[in-house]
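Shown below: upload.cif, with mmCIF, C-alpha atoms.
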```cif
data_input
loop_
_atom_site.label_atom_id
_atom_site.label_comp_id
_atom_site.auth_asym_id
_atom_site.auth_seq_id
_atom_site.Cartn_x
_atom_site.Cartn_y
_atom_site.Cartn_z
CA LEU A 1 -19.44 36.53 -62.89
CA THR A 2 -21.02 33.35 -64.27
CA ALA A 3 -21.62 35.03 -67.64
CA ALA A 4 -18.03 36.22 -67.66
CA ALA A 5 -16.88 32.69 -66.83
CA ASP A 6 -18.86 31.36 -69.79
CA ARG A 7 -17.17 33.93 -72.09
CA LEU A 8 -13.77 32.76 -70.89
CA GLY A 9 -14.67 29.07 -70.94
CA VAL A 10 -14.21 28.69 -67.15
CA THR A 11 -16.33 26.12 -65.27
CA PRO A 12 -18.45 27.20 -62.27
CA ALA A 13 -16.40 24.88 -60.01
CA THR A 14 -13.30 26.88 -60.88
CA LEU A 15 -14.95 30.07 -59.60
CA ARG A 16 -14.73 28.76 -56.04
CA HIS A 17 -11.02 29.53 -55.95
CA PRO A 18 -10.16 33.16 -55.01
CA ARG A 19 -6.95 33.26 -57.06
CA LEU A 20 -8.76 32.05 -60.14
CA ILE A 21 -11.48 34.66 -59.63
CA THR A 22 -8.80 37.35 -59.46
CA ALA A 23 -7.18 36.01 -62.63
CA ALA A 24 -10.56 35.90 -64.40
CA LEU A 25 -11.26 39.52 -63.43
CA ALA A 26 -7.85 40.55 -64.74
CA LEU A 27 -8.54 38.76 -68.03
CA LEU A 28 -11.93 40.43 -68.30
CA THR A 29 -10.32 43.83 -67.73
CA VAL A 30 -7.78 43.19 -70.47
CA ALA A 31 -10.46 41.77 -72.79
CA GLY A 32 -12.71 44.79 -72.14
CA ALA A 33 -9.88 47.21 -72.89
CA ALA A 34 -9.09 45.34 -76.10
CA GLN A 35 -12.72 45.73 -77.21
CA GLY A 36 -12.54 49.50 -76.76
CA LYS A 37 -14.30 49.56 -73.39
CA LYS A 38 -13.10 51.65 -70.48
CA PRO A 39 -10.38 49.82 -68.52
CA MET A 40 -10.94 49.19 -64.83
CA THR A 41 -9.42 51.83 -62.53
CA ALA A 42 -8.24 51.64 -58.94
CA VAL A 43 -11.46 53.37 -57.86
CA ASP A 44 -13.47 50.72 -59.71
CA LEU A 45 -11.58 48.02 -57.82
CA ILE A 46 -12.19 49.71 -54.47
CA ASN A 47 -15.91 49.95 -55.24
CA ILE A 48 -16.22 46.20 -55.75
CA PRO A 49 -17.90 44.75 -52.63
CA ARG A 50 -15.98 41.96 -50.88
CA VAL A 51 -17.63 38.86 -49.43
CA ILE A 52 -15.71 37.40 -46.50
CA ASP A 53 -16.13 34.84 -43.74
CA PRO A 54 -19.02 32.66 -44.98
CA GLN A 55 -20.50 30.47 -42.22
CA LEU A 56 -22.80 27.52 -42.87
CA SER A 57 -25.59 26.96 -40.33
CA ALA A 58 -25.60 23.67 -38.40
CA ASP A 59 -28.51 22.33 -40.46
CA GLY A 60 -26.71 23.26 -43.70
CA ARG A 61 -29.64 25.29 -45.02
CA GLN A 62 -28.31 28.86 -44.61
CA VAL A 63 -25.08 30.77 -45.03
CA ALA A 64 -24.25 33.92 -43.06
CA PHE A 65 -21.48 36.11 -44.48
CA THR A 66 -19.95 39.55 -44.13
CA LEU A 67 -20.16 41.96 -47.06
CA LEU A 68 -17.61 44.79 -47.09
CA GLU A 69 -18.72 47.86 -49.03
CA PRO A 70 -16.71 51.08 -49.35
CA ASP A 71 -17.95 54.16 -47.51
CA TRP A 72 -16.16 57.13 -49.05
CA LYS A 73 -17.28 59.50 -46.28
CA LEU A 74 -15.79 57.28 -43.56
CA GLY A 75 -12.77 56.44 -45.71
CA ARG A 76 -13.03 52.67 -45.14
CA ARG A 77 -14.99 49.56 -45.97
CA VAL A 78 -17.98 49.00 -43.68
CA PRO A 79 -18.91 45.38 -42.93
CA GLN A 80 -22.52 44.21 -42.68
CA VAL A 81 -23.91 40.72 -42.09
CA TRP A 82 -26.10 39.05 -44.72
CA ARG A 83 -27.85 35.68 -44.90
CA VAL A 84 -28.67 33.52 -47.91
CA GLY A 85 -30.11 30.06 -48.36
CA ALA A 86 -27.54 27.39 -49.19
CA ASP A 87 -29.37 26.99 -52.52
CA GLY A 88 -28.74 30.67 -53.34
CA THR A 89 -32.28 31.91 -52.60
CA ALA A 90 -33.67 34.25 -49.93
CA LEU A 91 -30.77 36.73 -49.80
CA ARG A 92 -31.33 39.08 -46.87
CA LYS A 93 -29.32 41.87 -45.24
CA LEU A 94 -29.42 41.34 -41.47
CA THR A 95 -27.58 44.44 -40.21
CA SER A 96 -27.20 48.08 -41.17
CA SER A 97 -25.06 49.54 -38.41
CA GLU A 98 -23.02 52.67 -39.26
CA GLY A 99 -20.01 51.30 -37.39
CA GLY A 100 -20.25 47.91 -39.04
CA VAL A 101 -21.00 44.36 -37.98
CA SER A 102 -18.90 41.32 -38.85
CA THR A 103 -17.81 37.80 -37.92
CA ALA A 104 -21.23 36.11 -37.74
CA ARG A 105 -21.25 32.77 -35.94
CA TRP A 106 -24.38 30.56 -35.87
CA SER A 107 -25.71 29.26 -32.57
CA PRO A 108 -26.01 25.45 -32.54
CA ASP A 109 -29.80 25.67 -33.05
CA GLY A 110 -29.44 28.23 -35.88
CA SER A 111 -31.71 30.84 -34.30
CA ILE A 112 -29.08 33.37 -33.19
CA LEU A 113 -25.89 34.79 -34.63
CA ALA A 114 -23.02 35.99 -32.44
CA VAL A 115 -21.48 39.00 -34.22
CA LEU A 116 -18.78 41.57 -33.59
CA ALA A 117 -20.36 45.02 -33.64
CA GLN A 118 -19.18 48.57 -33.05
CA ALA A 119 -20.97 50.30 -30.18
CA GLY A 120 -19.79 53.51 -28.58
CA GLY A 121 -16.48 53.35 -30.40
CA ARG A 122 -15.73 49.85 -29.09
CA THR A 123 -16.05 46.43 -30.71
CA GLN A 124 -18.01 43.96 -28.61
CA ILE A 125 -19.91 40.69 -29.08
CA HIS A 126 -23.60 41.17 -29.83
CA LEU A 127 -26.40 38.66 -30.34
CA LEU A 128 -28.52 38.97 -33.48
CA SER A 129 -31.63 37.06 -34.45
CA ALA A 130 -31.16 34.92 -37.55
CA GLU A 131 -34.07 36.93 -38.99
CA GLY A 132 -32.19 40.23 -38.56
CA GLY A 133 -33.18 43.36 -36.68
CA ASP A 134 -31.47 45.05 -33.77
CA SER A 135 -28.67 43.20 -32.04
CA ARG A 136 -28.24 43.21 -28.28
CA PRO A 137 -24.86 43.56 -26.61
CA LEU A 138 -23.50 40.51 -24.83
CA SER A 139 -19.93 41.35 -23.85
CA ASP A 140 -18.49 44.36 -22.08
CA HIS A 141 -14.81 43.60 -22.28
CA PRO A 142 -12.18 46.36 -21.83
CA THR A 143 -10.51 45.31 -25.10
CA ALA A 144 -11.93 44.17 -28.42
CA PRO A 145 -12.95 40.50 -28.39
CA SER A 146 -12.34 38.35 -31.46
CA SER A 147 -13.08 34.84 -32.75
CA PRO A 148 -16.41 34.22 -30.97
CA THR A 149 -17.23 30.51 -30.82
CA TRP A 150 -20.36 28.89 -29.41
CA ALA A 151 -20.17 26.09 -26.87
CA PRO A 152 -21.65 22.89 -28.35
CA ASP A 153 -24.77 23.18 -26.15
CA GLY A 154 -25.29 26.86 -27.08
CA ARG A 155 -25.23 28.01 -23.45
CA ALA A 156 -21.94 29.94 -23.63
CA LEU A 157 -19.67 31.80 -26.03
CA TYR A 158 -15.89 31.65 -26.01
CA PHE A 159 -13.74 34.45 -27.42
CA LEU A 160 -10.20 35.74 -27.55
CA ALA A 161 -9.18 39.14 -26.16
CA PRO A 162 -5.90 40.86 -25.30
CA ASP A 163 -5.02 42.20 -21.87
CA ALA A 164 -6.27 45.69 -21.11
CA PRO A 165 -3.51 48.30 -21.20
CA THR A 166 -2.09 49.31 -17.83
CA PRO A 167 -2.24 52.96 -16.71
CA ASP A 168 1.52 53.21 -17.41
CA GLN A 169 1.02 51.97 -20.98
CA LEU A 170 -1.84 54.41 -21.55
CA GLU A 171 0.27 57.33 -20.30
CA ARG A 172 3.25 56.25 -22.42
CA ASP A 173 1.02 56.04 -25.51
CA ARG A 174 -0.51 59.45 -24.76
CA THR A 175 2.84 61.20 -24.40
CA ARG A 176 4.45 59.56 -27.43
CA GLY A 177 1.76 60.54 -29.89
CA ASP A 178 2.17 58.46 -33.03
CA VAL A 179 5.66 57.10 -32.23
CA PHE A 180 5.85 53.52 -30.97
CA ALA A 181 8.17 50.55 -30.80
CA PHE A 182 6.85 47.26 -32.17
CA ASP A 183 8.12 45.07 -29.33
CA GLU A 184 6.49 47.26 -26.65
CA ASN A 185 2.99 46.83 -28.10
CA PHE A 186 2.76 43.09 -27.55
CA SER A 187 -0.27 42.12 -25.54
CA GLN A 188 -1.06 38.61 -24.35
CA VAL A 189 -4.29 37.19 -25.77
CA HIS A 190 -6.50 35.05 -23.56
CA LEU A 191 -9.47 32.71 -24.08
#
```
If you convert what's in this file into structure tokens, what do you get?
Amino acid sequence: LTAAADRLGVTPATLRHPRLITAALALLTVAGAAQGKKPMTAVDLINIPRVIDPQLSADGRQVAFTLLEPDWKLGRRVPQVWRVGADGTALRKLTSSEGGVSTARWSPDGSILAVLAQAGGRTQIHLLSAEGGDSRPLSDHPTAPSSPTWAPDGRALYFLAPDAPTPDQLERDRTRGDVFAFDENFSQVHL
């Protein structure tokens, strides 16, 4: 991307803005087509990995982020957590779960990451060493938790989760199949 930015006369600081990156990619596609190269297709766009949710460690030395890569067999993008030094060195993939792992949050001391991982068809909070390896489950909530946040002392994690569906709601959903009303699917979210 930096080489492409140089060709277009764009400064590296400009590349920090997602809209400008999208515009630069569009210009490169047009420029490539004008030079007789194959234009970018929708499949090419889908195959581009997406970096989301970068998180700087408390000491400012490392960045954890989620990389979304397409899995054509599963028919979706699978997230995995990576870590890189803030200076751009020591890139390392921390997870390789088939179901995907995302939303990495550094513990205050920087030794552990709280992540959202798929296990047994359910998303739960897991703890992962900052060095990678196997994560261990932490939560066992009836619904999928989101937005994990460490307490300042690192002794607790807070998260958001909706109410579990009642037996009546489960039966209604089962008998309706794929038909639903938007206002009936509201579920209160709690901390």
request  = Decode the PyMOL selection byres ((chain A and resi 89-97) around 9) for the given file into explicit residues and return them as JSON, numbers by chain.
outcome  = {"A": [78, 79, 80, 81, 82, 83, 84, 85, 86, 87, 88, 98, 99, 100, 101, 117, 118, 128, 129, 130, 131, 132, 133, 134, 135]}
note = note - CA of Leu160 (chain A) and CA of Ala58 (chain A) are separated by 22.4 Å
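Rounded to one decimal, CA of Ile46 (chain A) and CA of Arg76 (chain A) lie 9.8 Å from each other.
CA of Pro54 (chain A) lies 27.7 Å from CA of Thr41 (chain A).
Here the PyMOL selection byres ((chain A and resi 148) around 6) catches exactly these residues: A:Ser146, A:Ser147, A:Thr149, A:Tyr158, A:Phe159.
Proximity ranking of A:Ala144, A:Leu67, A:Leu45, A:Leu127 relative to Pro162 (chain A) places A:Ala144 first, based on all atoms listed in the file.
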